[in-house]
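Participant: Following this message is one structure expressed as structure tokens.
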Amino acid sequence: MQVWKFGGTSVGKPERMKSIRDLVTADPGRKIVVLSALSGSTNALLEIGSALKEGDTSRANQLIDELRAHYSAFVDDLFETPKGLDRGQQIISTEFNVIANLATYQPFTIKQDKELVAEGEILSTQLFTAYMMEKGDSVTLIHALDFMKIDEDGEPVFDEIEGGLKKILEEKATAQIIVTQGFICRNPEGNIDNLKRGGSDYTASLLGGAITAEEIQIWTDIDGMHNNDPRVVKRTFPVRNLTFEEAAELAYFGAKILHPSTITPAKLRGVPVRLKNTMEPSAVGTLISANTSAGTEITAIAAKDNITAIYIHSTRMLNAYGFLKKVFDIFEKYKTPVDMITTSEVSVAVTIDNSEHLESISAELSQFAELEEHDRNQTIICVVGQFFADKSGIAIRILEALRDIPVRMISYGASEHNVSILVDTKHKNMALEALNEGLFTFED
Ligand code: ADP
Ligand code: ASP
Ligand code: MG
């Protein structure tokens, strides 16, 4: 069995939804189909949520009406029979009643906000399943809220997901195509929650890992993982093969095509991940697996924004060997992951992307260290490839490409797959272009 995931743009228009139905039925294998919300819906629902949090009910209701009209037109174009149209309008009516009811809550809390944003995936999967039924396909909808669980840190509980999914598949999901929602899940309180923005990729990988699928396919609007961010850099090209390690680094360090955690469950169970283009299904895409690297030294580059750099100087009060432990205990206490670290005899610099607890962290660090002013608005640029320890010349190529860019930190040697460079975000685009031109060769 395979798991295929279609992102927002792949289901965002009625004709796109029709073409993914053609894709999933043209392939003979049984599969789980994970869907995102229609493109723009998650943002629209979040905007409605913000209006409600601010108590602006009239704006919220206006936005709800607009969204409903959008779905109504979508249904009119998607379904082809009176019965199908009826079913489509019925789905909209039920789900927009849920939305309207949520909009009456005062105060409008995070619980309602999460329920509201979940409606995007609930709507898209119901409409797609109804459309497949209209076409007479063998299809069942299973509900992610019945088996997708996260713990108190927002991390998926893989064992429970695996057990829950397998039970549902054995007991009731005998159809050829099993549709489910990406992104949404339940938290330890049993309330509706989600896997954070872009989380449908993660759902697909968790499900693929849980059933040890033959393959996980992530269908999106581009022909695979490119060697650099195509939104920023002019000349990028798709990378045909990546190892799990390379892909995990790229996803974690900002390649938007994959949610940062997507690769973990697939790698755990050795399930290959293929990235495919819905707009061009015959294009090769990218295959991510245990041993299919591109074979080149430098494979690709990604960038992660909103980074804060913290500079910590040891005071004499502490022995050098206890210093790093004390520093990292504080980050652990505030559950704040550290991405980059550089050290000197008396100082350590670290970067974080979650600055929610920065004030408390700084206050505690200040009890035994001196802090310089933090650098906010930084970007980590991550160069990924096969940098074996006995190879020479890679660092010079990277630094040579960046000769005109002020570099704040460099992290090299922690893994054989990643060199990380910290720059001020205002230099990011220039740095990505410079690395692109300096590290890759182009035919023209
Ligand atoms: P979906 O809605 O299908 O999940 P996303 O918008 O989340 O799609 O991801 C696809 C987008 O990721 C592409 O359109 C592209 O602009 C962006 N992207 C950023 N970095 C890369 C990269 N290295 N390779 C391919 N796409 C990338
Ligand atoms: N719909 C969610 C989002 O927009 C999840 C996803 O698309 O993967 O973030
Ligand atoms: Mg995405």
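Identifiers for the structure tokens are assigned positionally: chains receive A, B, ... in sequence, residues are indexed from 1 per chain, and ligands are indexed from 1 in the order shown.
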Report as a PyMOL selection string: the residues of stretch 194-249 of chain A with a DSSP assignment of strand (DSSP E or B), based on the backbone of this structure.

Facilitator: chain A and resi 194+215-220+226+238+241-243

Participant: Mind dumping a table of every stretch 46-159 of chain A residue within 9 Å of stretch 202-224 of chain A, with the nearest atom pair and its distance in Å to one decimal, using only C-alpha atoms, sorted by chain and rising number, as JSON lines?

Facilitator:
```
{"residue": "A:Ala144", "atom": "CA", "partner": "A:Thr203", "partner_atom": "CA", "distance": 8.9}
{"residue": "A:Met148", "atom": "CA", "partner": "A:Thr203", "partner_atom": "CA", "distance": 8.1}
{"residue": "A:Pro156", "atom": "CA", "partner": "A:Leu206", "partner_atom": "CA", "distance": 8.3}
{"residue": "A:Phe158", "atom": "CA", "partner": "A:Leu206", "partner_atom": "CA", "distance": 7.2}
{"residue": "A:Asp159", "atom": "CA", "partner": "A:Ala210", "partner_atom": "CA", "distance": 8.1}
```

Participant: Any chance you could export the current selection's C-alpha atoms as a short mmCIF file (atom, residue, chain, number, x, y, z; two decimals), in the first residue's frame?

Facilitator:
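The resulting file, selection33.cif, is reproduced below:
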```
data_model
loop_
_atom_site.label_atom_id
_atom_site.label_comp_id
_atom_site.auth_asym_id
_atom_site.auth_seq_id
_atom_site.Cartn_x
_atom_site.Cartn_y
_atom_site.Cartn_z
CA ALA A 144 -7.65 11.69 11.29
CA MET A 148 -3.75 11.12 14.92
CA PRO A 156 3.04 12.84 17.37
CA PHE A 158 3.73 7.24 16.84
CA ASP A 159 2.69 4.01 18.65
#
```

Participant: So that I can check the secondary structure, give me every residue of stretch 85-318 of chain A assigned alpha helix (DSSP H) by backbone DSSP, as number ranges by chain.

Facilitator: A: 85-102, 110-134, 158-171, 200-210, 244-252, 263-269

Participant: Give me, as a PDB file with all heavy atoms, in the first residue's frame, the set of residues whose atoms come within 8 Å of any atom of ligand 3, counting only C-alpha atoms and all ligand atoms.

Facilitator:
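What ended up in part.pdb:
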```
ATOM      1  N   GLY A   7      -1.188  18.552  -1.634  1.00  0.00           N
ATOM      2  CA  GLY A   7      -1.180  19.834  -0.920  1.00  0.00           C
ATOM      3  C   GLY A   7      -2.289  20.761  -1.396  1.00  0.00           C
ATOM      4  O   GLY A   7      -3.057  20.429  -2.317  1.00  0.00           O
ATOM      5  N   GLY A   8      -2.342  21.929  -0.780  1.00  0.00           N
ATOM      6  CA  GLY A   8      -3.416  22.884  -1.035  1.00  0.00           C
ATOM      7  C   GLY A   8      -3.626  23.250  -2.496  1.00  0.00           C
ATOM      8  O   GLY A   8      -4.759  23.264  -2.984  1.00  0.00           O
ATOM      9  N   ARG A 197       1.850  24.530  10.692  1.00  0.00           N
ATOM     10  CA  ARG A 197       1.678  24.863   9.280  1.00  0.00           C
ATOM     11  C   ARG A 197       2.450  23.884   8.383  1.00  0.00           C
ATOM     12  O   ARG A 197       3.579  23.511   8.677  1.00  0.00           O
ATOM     13  CB  ARG A 197       2.144  26.289   8.989  1.00  0.00           C
ATOM     14  CG  ARG A 197       1.317  27.392   9.642  1.00  0.00           C
ATOM     15  CD  ARG A 197      -0.187  27.273   9.414  1.00  0.00           C
ATOM     16  NE  ARG A 197      -0.628  27.226   8.033  1.00  0.00           N
ATOM     17  CZ  ARG A 197      -0.979  28.284   7.309  1.00  0.00           C
ATOM     18  NH1 ARG A 197      -0.922  29.480   7.842  1.00  0.00           N
ATOM     19  NH2 ARG A 197      -1.417  28.129   6.078  1.00  0.00           N
ATOM     20  N   GLY A 198       1.802  23.515   7.298  1.00  0.00           N
ATOM     21  CA  GLY A 198       2.420  22.575   6.367  1.00  0.00           C
ATOM     22  C   GLY A 198       2.391  21.133   6.864  1.00  0.00           C
ATOM     23  O   GLY A 198       3.033  20.250   6.297  1.00  0.00           O
ATOM     24  N   GLY A 199       1.609  20.880   7.944  1.00  0.00           N
ATOM     25  CA  GLY A 199       1.667  19.588   8.638  1.00  0.00           C
ATOM     26  C   GLY A 199       1.117  18.396   7.886  1.00  0.00           C
ATOM     27  O   GLY A 199       1.312  17.251   8.319  1.00  0.00           O
ATOM     28  N   SER A 200       0.449  18.599   6.744  1.00  0.00           N
ATOM     29  CA  SER A 200      -0.086  17.438   6.020  1.00  0.00           C
ATOM     30  C   SER A 200       1.027  16.524   5.508  1.00  0.00           C
ATOM     31  O   SER A 200       0.840  15.309   5.406  1.00  0.00           O
ATOM     32  CB  SER A 200      -0.944  17.887   4.837  1.00  0.00           C
ATOM     33  OG  SER A 200      -2.011  18.652   5.298  1.00  0.00           O
ATOM     34  N   ASP A 201       2.174  17.105   5.185  1.00  0.00           N
ATOM     35  CA  ASP A 201       3.315  16.269   4.775  1.00  0.00           C
ATOM     36  C   ASP A 201       3.678  15.308   5.907  1.00  0.00           C
ATOM     37  O   ASP A 201       3.972  14.136   5.687  1.00  0.00           O
ATOM     38  CB  ASP A 201       4.573  17.124   4.509  1.00  0.00           C
ATOM     39  CG  ASP A 201       4.357  18.199   3.474  1.00  0.00           C
ATOM     40  OD1 ASP A 201       3.582  17.972   2.534  1.00  0.00           O
ATOM     41  OD2 ASP A 201       4.982  19.275   3.604  1.00  0.00           O
ATOM     42  N   THR A 220       2.800  18.014  -5.113  1.00  0.00           N
ATOM     43  CA  THR A 220       2.679  19.455  -4.892  1.00  0.00           C
ATOM     44  C   THR A 220       2.722  20.198  -6.215  1.00  0.00           C
ATOM     45  O   THR A 220       2.375  19.621  -7.263  1.00  0.00           O
ATOM     46  CB  THR A 220       3.761  19.914  -3.870  1.00  0.00           C
ATOM     47  OG1 THR A 220       3.613  21.305  -3.644  1.00  0.00           O
ATOM     48  CG2 THR A 220       5.178  19.594  -4.317  1.00  0.00           C
ATOM     49  N   LYS A 256      10.549  24.777   1.959  1.00  0.00           N
ATOM     50  CA  LYS A 256       9.118  24.799   2.285  1.00  0.00           C
ATOM     51  C   LYS A 256       8.346  23.618   1.683  1.00  0.00           C
ATOM     52  O   LYS A 256       7.252  23.282   2.129  1.00  0.00           O
ATOM     53  CB  LYS A 256       8.508  26.119   1.780  1.00  0.00           C
ATOM     54  CG  LYS A 256       7.136  26.377   2.348  1.00  0.00           C
ATOM     55  CD  LYS A 256       6.362  27.389   1.538  1.00  0.00           C
ATOM     56  CE  LYS A 256       4.899  27.392   1.967  1.00  0.00           C
ATOM     57  NZ  LYS A 256       4.015  27.627   0.835  1.00  0.00           N
ATOM     58  N   ILE A 257       8.922  22.999   0.691  1.00  0.00           N
ATOM     59  CA  ILE A 257       8.238  21.883   0.036  1.00  0.00           C
ATOM     60  C   ILE A 257       7.932  20.750   1.016  1.00  0.00           C
ATOM     61  O   ILE A 257       6.995  19.976   0.806  1.00  0.00           O
ATOM     62  CB  ILE A 257       9.051  21.392  -1.190  1.00  0.00           C
ATOM     63  CG1 ILE A 257       8.272  20.351  -1.988  1.00  0.00           C
ATOM     64  CG2 ILE A 257      10.413  20.875  -0.801  1.00  0.00           C
ATOM     65  CD1 ILE A 257       8.896  20.011  -3.327  1.00  0.00           C
ATOM     66  N   LEU A 258       8.667  20.645   2.106  1.00  0.00           N
ATOM     67  CA  LEU A 258       8.397  19.614   3.114  1.00  0.00           C
ATOM     68  C   LEU A 258       8.302  20.238   4.513  1.00  0.00           C
ATOM     69  O   LEU A 258       9.130  21.072   4.881  1.00  0.00           O
ATOM     70  CB  LEU A 258       9.527  18.575   3.144  1.00  0.00           C
ATOM     71  CG  LEU A 258       9.642  17.639   1.953  1.00  0.00           C
ATOM     72  CD1 LEU A 258      10.861  16.727   2.119  1.00  0.00           C
ATOM     73  CD2 LEU A 258       8.383  16.795   1.789  1.00  0.00           C
ATOM     74  N   HIS A 259       7.300  19.803   5.278  1.00  0.00           N
ATOM     75  CA  HIS A 259       7.227  20.175   6.697  1.00  0.00           C
ATOM     76  C   HIS A 259       8.543  19.732   7.356  1.00  0.00           C
ATOM     77  O   HIS A 259       9.084  18.674   7.023  1.00  0.00           O
ATOM     78  CB  HIS A 259       6.023  19.449   7.306  1.00  0.00           C
ATOM     79  CG  HIS A 259       5.829  19.645   8.778  1.00  0.00           C
ATOM     80  ND1 HIS A 259       6.600  19.004   9.727  1.00  0.00           N
ATOM     81  CD2 HIS A 259       4.947  20.396   9.475  1.00  0.00           C
ATOM     82  CE1 HIS A 259       6.190  19.364  10.938  1.00  0.00           C
ATOM     83  NE2 HIS A 259       5.186  20.208  10.808  1.00  0.00           N
TER      84      HIS A 259
END
```

Participant: Quick check, in Å to one decimal: how far apart do atom CA of A:Tyr412 and atom CA of A:Asn228 lie?

Facilitator: 19.3 Å

Participant: Could you report the residues within 12 Å of ligand 2, using only C-alpha atoms and all ligand atoms, as a ChimeraX atom specification?

Facilitator: /A:5-12,34-46,114,116-125,181-185,193-205,218-220,256-262

Participant: Of the candidates A:Gly163, A:Gly254, A:Gly49, A:Gly88, which shows the shortest atom-to-atom distance to ligand 1, using only C-alpha atoms and all ligand atoms?

Facilitator: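 Ranked by minimum distance to ligand 1, first place goes to A:Gly254.
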
Participant: Can you tell me which residues surround A:Ala130 at a distance of at most 9 Å, considering only C-alpha atoms, apart from same-chain residues fewer than 2 positions away, and format the answer as a JSON list (two decimals) with all heavy atoms, in the first residue's frame?

Facilitator:
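Result written to selection-v7.json:
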```
[["chain", "number", "residue", "atom", "x", "y", "z"],
["A", 79, "PHE", "N", -19.03, 18.95, -8.89],
["A", 79, "PHE", "CA", -19.94, 17.81, -9.06],
["A", 79, "PHE", "C", -20.64, 17.86, -10.41],
["A", 79, "PHE", "O", -20.84, 18.93, -10.98],
["A", 79, "PHE", "CB", -20.94, 17.76, -7.90],
["A", 79, "PHE", "CG", -20.26, 17.41, -6.60],
["A", 79, "PHE", "CD1", -19.82, 18.41, -5.74],
["A", 79, "PHE", "CD2", -20.04, 16.08, -6.25],
["A", 79, "PHE", "CE1", -19.18, 18.10, -4.55],
["A", 79, "PHE", "CE2", -19.40, 15.76, -5.06],
["A", 79, "PHE", "CZ", -18.98, 16.76, -4.21],
["A", 84, "GLY", "N", -24.88, 14.51, -6.75],
["A", 84, "GLY", "CA", -23.55, 14.92, -6.29],
["A", 84, "GLY", "C", -23.58, 16.36, -5.79],
["A", 84, "GLY", "O", -23.06, 16.67, -4.71],
["A", 87, "ARG", "N", -25.21, 16.60, -2.44],
["A", 87, "ARG", "CA", -24.32, 16.09, -1.38],
["A", 87, "ARG", "C", -23.25, 17.15, -1.07],
["A", 87, "ARG", "O", -22.96, 17.43, 0.09],
["A", 87, "ARG", "CB", -23.69, 14.77, -1.85],
["A", 87, "ARG", "CG", -22.69, 14.18, -0.93],
["A", 87, "ARG", "CD", -23.31, 13.58, 0.34],
["A", 87, "ARG", "NE", -22.29, 13.31, 1.33],
["A", 87, "ARG", "CZ", -22.23, 13.86, 2.54],
["A", 87, "ARG", "NH1", -23.16, 14.72, 2.93],
["A", 87, "ARG", "NH2", -21.27, 13.55, 3.37],
["A", 88, "GLY", "N", -22.69, 17.76, -2.12],
["A", 88, "GLY", "CA", -21.66, 18.78, -1.93],
["A", 88, "GLY", "C", -22.20, 19.96, -1.12],
["A", 88, "GLY", "O", -21.56, 20.43, -0.17],
["A", 125, "THR", "N", -11.53, 16.95, 2.45],
["A", 125, "THR", "CA", -11.61, 15.48, 2.37],
["A", 125, "THR", "C", -13.04, 15.01, 2.13],
["A", 125, "THR", "O", -13.27, 14.06, 1.38],
["A", 125, "THR", "CB", -11.07, 14.82, 3.66],
["A", 125, "THR", "OG1", -11.64, 15.47, 4.80],
["A", 125, "THR", "CG2", -9.56, 14.92, 3.73],
["A", 126, "GLN", "N", -14.00, 15.71, 2.73],
["A", 126, "GLN", "CA", -15.40, 15.30, 2.51],
["A", 126, "GLN", "C", -15.81, 15.55, 1.07],
["A", 126, "GLN", "O", -16.47, 14.73, 0.45],
["A", 126, "GLN", "CB", -16.32, 16.08, 3.44],
["A", 126, "GLN", "CG", -16.14, 15.70, 4.88],
["A", 126, "GLN", "CD", -17.40, 16.03, 5.68],
["A", 126, "GLN", "OE1", -18.50, 15.65, 5.29],
["A", 126, "GLN", "NE2", -17.23, 16.73, 6.77],
["A", 127, "LEU", "N", -15.39, 16.70, 0.54],
["A", 127, "LEU", "CA", -15.77, 17.02, -0.85],
["A", 127, "LEU", "C", -15.11, 16.04, -1.82],
["A", 127, "LEU", "O", -15.76, 15.54, -2.75],
["A", 127, "LEU", "CB", -15.39, 18.46, -1.20],
["A", 127, "LEU", "CG", -16.18, 19.54, -0.45],
["A", 127, "LEU", "CD1", -15.62, 20.93, -0.74],
["A", 127, "LEU", "CD2", -17.67, 19.48, -0.82],
["A", 128, "PHE", "N", -13.85, 15.74, -1.59],
["A", 128, "PHE", "CA", -13.14, 14.83, -2.49],
["A", 128, "PHE", "C", -13.76, 13.42, -2.44],
["A", 128, "PHE", "O", -13.99, 12.79, -3.47],
["A", 128, "PHE", "CB", -11.65, 14.77, -2.12],
["A", 128, "PHE", "CG", -10.84, 13.92, -3.05],
["A", 128, "PHE", "CD1", -10.68, 14.27, -4.39],
["A", 128, "PHE", "CD2", -10.23, 12.74, -2.61],
["A", 128, "PHE", "CE1", -9.93, 13.48, -5.27],
["A", 128, "PHE", "CE2", -9.48, 11.95, -3.47],
["A", 128, "PHE", "CZ", -9.33, 12.32, -4.80],
["A", 132, "MET", "N", -15.48, 11.39, -5.49],
["A", 132, "MET", "CA", -15.11, 10.04, -5.93],
["A", 132, "MET", "C", -16.32, 9.10, -5.91],
["A", 132, "MET", "O", -16.49, 8.26, -6.78],
["A", 132, "MET", "CB", -13.97, 9.49, -5.06],
["A", 132, "MET", "CG", -12.63, 10.14, -5.36],
["A", 132, "MET", "SD", -11.22, 9.22, -4.69],
["A", 132, "MET", "CE", -11.09, 7.86, -5.85],
["A", 133, "MET", "N", -17.16, 9.27, -4.91],
["A", 133, "MET", "CA", -18.38, 8.43, -4.83],
["A", 133, "MET", "C", -19.29, 8.71, -6.02],
["A", 133, "MET", "O", -19.86, 7.81, -6.60],
["A", 133, "MET", "CB", -19.12, 8.70, -3.52],
["A", 133, "MET", "CG", -18.44, 8.02, -2.37],
["A", 133, "MET", "SD", -19.31, 8.36, -0.85],
["A", 133, "MET", "CE", -18.57, 7.13, 0.21],
["A", 134, "GLU", "N", -19.40, 10.00, -6.34],
["A", 134, "GLU", "CA", -20.23, 10.36, -7.49],
["A", 134, "GLU", "C", -19.73, 9.66, -8.76],
["A", 134, "GLU", "O", -20.50, 9.23, -9.61],
["A", 134, "GLU", "CB", -20.20, 11.89, -7.69],
["A", 134, "GLU", "CG", -21.05, 12.36, -8.85],
["A", 134, "GLU", "CD", -20.87, 13.84, -9.17],
["A", 134, "GLU", "OE1", -19.72, 14.26, -9.42],
["A", 134, "GLU", "OE2", -21.87, 14.58, -9.19],
["A", 135, "LYS", "N", -18.41, 9.51, -8.84],
["A", 135, "LYS", "CA", -17.81, 8.86, -10.01],
["A", 135, "LYS", "C", -17.87, 7.34, -9.91],
["A", 135, "LYS", "O", -17.39, 6.63, -10.79],
["A", 135, "LYS", "CB", -16.34, 9.29, -10.18],
["A", 135, "LYS", "CG", -16.14, 10.77, -10.40],
["A", 135, "LYS", "CD", -16.76, 11.28, -11.67],
["A", 135, "LYS", "CE", -15.85, 11.23, -12.85],
["A", 135, "LYS", "NZ", -16.49, 11.80, -14.07],
["A", 139, "VAL", "N", -14.12, 4.03, -2.51],
["A", 139, "VAL", "CA", -13.47, 5.03, -1.64],
["A", 139, "VAL", "C", -14.11, 5.05, -0.24],
["A", 139, "VAL", "O", -15.31, 4.81, -0.11],
["A", 139, "VAL", "CB", -13.57, 6.44, -2.31],
["A", 139, "VAL", "CG1", -15.00, 6.89, -2.50],
["A", 139, "VAL", "CG2", -12.77, 7.49, -1.54]]
```

Participant: Any idea what's packed within 6 Å of A:His226, counting only C-alpha atoms, ignoring anything in its chain fewer than 2 positions away? Could you give it as number ranges by chain?

Facilitator: A: 228, 237-239

Participant: Would you please work out which residue, of A:Gly55, A:Pro230, A:Pro28, A:Gly438, is nearest to ligand 1 when using only C-alpha atoms and all ligand atoms?

Facilitator: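 Distance minimum relative to ligand 1 lands on A:Pro230.
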
Participant: Please, what distance in Å, to one decimal, runs between atom CA of A:Lys326 and atom CA of A:Asp305?

Facilitator: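 Atom-to-atom, atom CA of A:Lys326 and atom CA of A:Asp305 are spaced 27.1 Å apart.
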
Participant: So which residues touch A:Val338 within 8 Å, counting only C-alpha atoms, skipping near sequence neighbours fewer than 2 positions away, as a list of chain:residue names?

Facilitator: A:Phe331, A:Thr336, A:Met340, A:Ile341, A:Val350, A:Thr351, A:Ile352, A:Asp353

Participant: Using all heavy atoms, can you export the residues from the last selection as an mmCIF file, in the first residue's frame?

Facilitator:
```cif
data_model
loop_
_atom_site.group_PDB
_atom_site.id
_atom_site.type_symbol
_atom_site.label_atom_id
_atom_site.label_comp_id
_atom_site.auth_asym_id
_atom_site.auth_seq_id
_atom_site.Cartn_x
_atom_site.Cartn_y
_atom_site.Cartn_z
ATOM 1 N N PHE A 331 18.121 25.915 28.153
ATOM 2 C CA PHE A 331 17.331 25.749 26.921
ATOM 3 C C PHE A 331 16.404 24.543 27.040
ATOM 4 O O PHE A 331 15.272 24.561 26.566
ATOM 5 C CB PHE A 331 18.252 25.624 25.705
ATOM 6 C CG PHE A 331 18.893 26.937 25.352
ATOM 7 C CD1 PHE A 331 20.161 27.264 25.824
ATOM 8 C CD2 PHE A 331 18.208 27.866 24.594
ATOM 9 C CE1 PHE A 331 20.738 28.488 25.533
ATOM 10 C CE2 PHE A 331 18.768 29.099 24.287
ATOM 11 C CZ PHE A 331 20.041 29.408 24.770
ATOM 12 N N THR A 336 13.341 24.789 24.383
ATOM 13 C CA THR A 336 13.688 25.613 23.229
ATOM 14 C C THR A 336 14.857 24.971 22.474
ATOM 15 O O THR A 336 15.978 24.939 22.985
ATOM 16 C CB THR A 336 14.076 27.035 23.698
ATOM 17 O OG1 THR A 336 12.945 27.592 24.375
ATOM 18 C CG2 THR A 336 14.462 27.933 22.534
ATOM 19 N N MET A 340 22.106 26.173 15.867
ATOM 20 C CA MET A 340 23.550 26.271 15.616
ATOM 21 C C MET A 340 24.281 26.584 16.913
ATOM 22 O O MET A 340 23.757 27.272 17.780
ATOM 23 C CB MET A 340 23.843 27.417 14.631
ATOM 24 C CG MET A 340 23.551 27.086 13.199
ATOM 25 S SD MET A 340 23.900 28.506 12.119
ATOM 26 C CE MET A 340 25.676 28.490 12.035
ATOM 27 N N ILE A 341 25.498 26.103 17.013
ATOM 28 C CA ILE A 341 26.338 26.399 18.183
ATOM 29 C C ILE A 341 27.746 26.654 17.677
ATOM 30 O O ILE A 341 28.238 25.898 16.833
ATOM 31 C CB ILE A 341 26.474 25.187 19.135
ATOM 32 C CG1 ILE A 341 25.113 24.578 19.448
ATOM 33 C CG2 ILE A 341 27.200 25.578 20.403
ATOM 34 C CD1 ILE A 341 25.240 23.183 20.033
ATOM 35 N N VAL A 350 24.774 30.620 20.311
ATOM 36 C CA VAL A 350 23.774 29.639 19.873
ATOM 37 C C VAL A 350 22.674 30.370 19.111
ATOM 38 O O VAL A 350 22.493 31.580 19.280
ATOM 39 C CB VAL A 350 23.130 28.881 21.061
ATOM 40 C CG1 VAL A 350 24.171 28.147 21.874
ATOM 41 C CG2 VAL A 350 22.319 29.811 21.941
ATOM 42 N N THR A 351 21.944 29.611 18.289
ATOM 43 C CA THR A 351 20.783 30.219 17.633
ATOM 44 C C THR A 351 19.532 29.436 17.990
ATOM 45 O O THR A 351 19.581 28.217 18.181
ATOM 46 C CB THR A 351 20.913 30.230 16.095
ATOM 47 O OG1 THR A 351 20.808 28.892 15.607
ATOM 48 C CG2 THR A 351 22.205 30.863 15.644
ATOM 49 N N ILE A 352 18.427 30.167 18.069
ATOM 50 C CA ILE A 352 17.120 29.534 18.311
ATOM 51 C C ILE A 352 16.117 30.107 17.312
ATOM 52 O O ILE A 352 16.294 31.224 16.827
ATOM 53 C CB ILE A 352 16.615 29.784 19.760
ATOM 54 C CG1 ILE A 352 16.517 31.300 20.063
ATOM 55 C CG2 ILE A 352 17.533 29.121 20.771
ATOM 56 C CD1 ILE A 352 15.819 31.607 21.378
ATOM 57 N N ASP A 353 15.092 29.317 16.984
ATOM 58 C CA ASP A 353 14.068 29.903 16.111
ATOM 59 C C ASP A 353 12.765 30.137 16.861
ATOM 60 O O ASP A 353 11.858 30.774 16.347
ATOM 61 C CB ASP A 353 13.853 29.067 14.835
ATOM 62 C CG ASP A 353 13.020 27.834 15.072
ATOM 63 O OD1 ASP A 353 12.928 27.394 16.226
ATOM 64 O OD2 ASP A 353 12.473 27.303 14.087
#
```

Participant: Which polymer residues have any atom within 10 Å of an atom of A:Glu373, counting only C-alpha atoms, with same-chain residues fewer than 6 positions away left out, as a compact mmCIF listing (two decimals) with C-alpha atoms, in the first residue's frame?

Facilitator:
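Contents of around-v8.txt, freshly written:
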```
# COMPACT_ATOMS: atom_id res chain seq x y z
CA ALA A 309 21.50 34.49 17.87
CA ILE A 310 22.45 34.56 21.55
CA TYR A 311 26.04 35.34 22.55
CA ILE A 312 27.04 34.03 25.98
```

Participant: Which is closer to ligand 1 than all the others in A:Ile298, A:Ile99, A:Val179, A:Ala303, using only C-alpha atoms and all ligand atoms?

Facilitator: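 Once distances to ligand 1 are computed over only C-alpha atoms and all ligand atoms, the minimum belongs to A:Ala303.
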
Participant: Measuring between only C-alpha atoms, which one of A:Ser344, A:Leu102, A:Asn306, A:Lys428 shows the shortest distance to A:Leu324?

Facilitator: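 Ranking A:Ser344, A:Leu102, A:Asn306, A:Lys428 by distance to A:Leu324, first place goes to A:Ser344.
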
Participant: Nearest to ligand 1 among A:Ala251, A:Ala414, A:Ala434, A:Ala363, with distances taken over only C-alpha atoms and all ligand atoms: which residue is it?

Facilitator: A:Ala251

Participant: Give me the residues near A:Ala173 as JSON, numbers by chain, where near means some atom within 12 Å (using only C-alpha atoms) and where sequence neighbours in that chain fewer than 2 positions away do not count.

Facilitator: {"A": [30, 31, 32, 138, 139, 140, 141, 142, 143, 165, 166, 167, 168, 169, 170, 171, 175, 176, 177, 178, 179, 180]}

Participant: Could you tell me how far atom CA of A:Glu115 lies from atom CA of A:Ile192, in Å and to one decimal?

Facilitator: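 Atom CA of A:Glu115 sits 5.8 Å away from atom CA of A:Ile192.
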
Participant: With distances taken over only C-alpha atoms, which of A:Ser50, A:Thr109, A:Thr379, A:Ser72 is nearest to A:Glu95?

Facilitator: A:Ser72
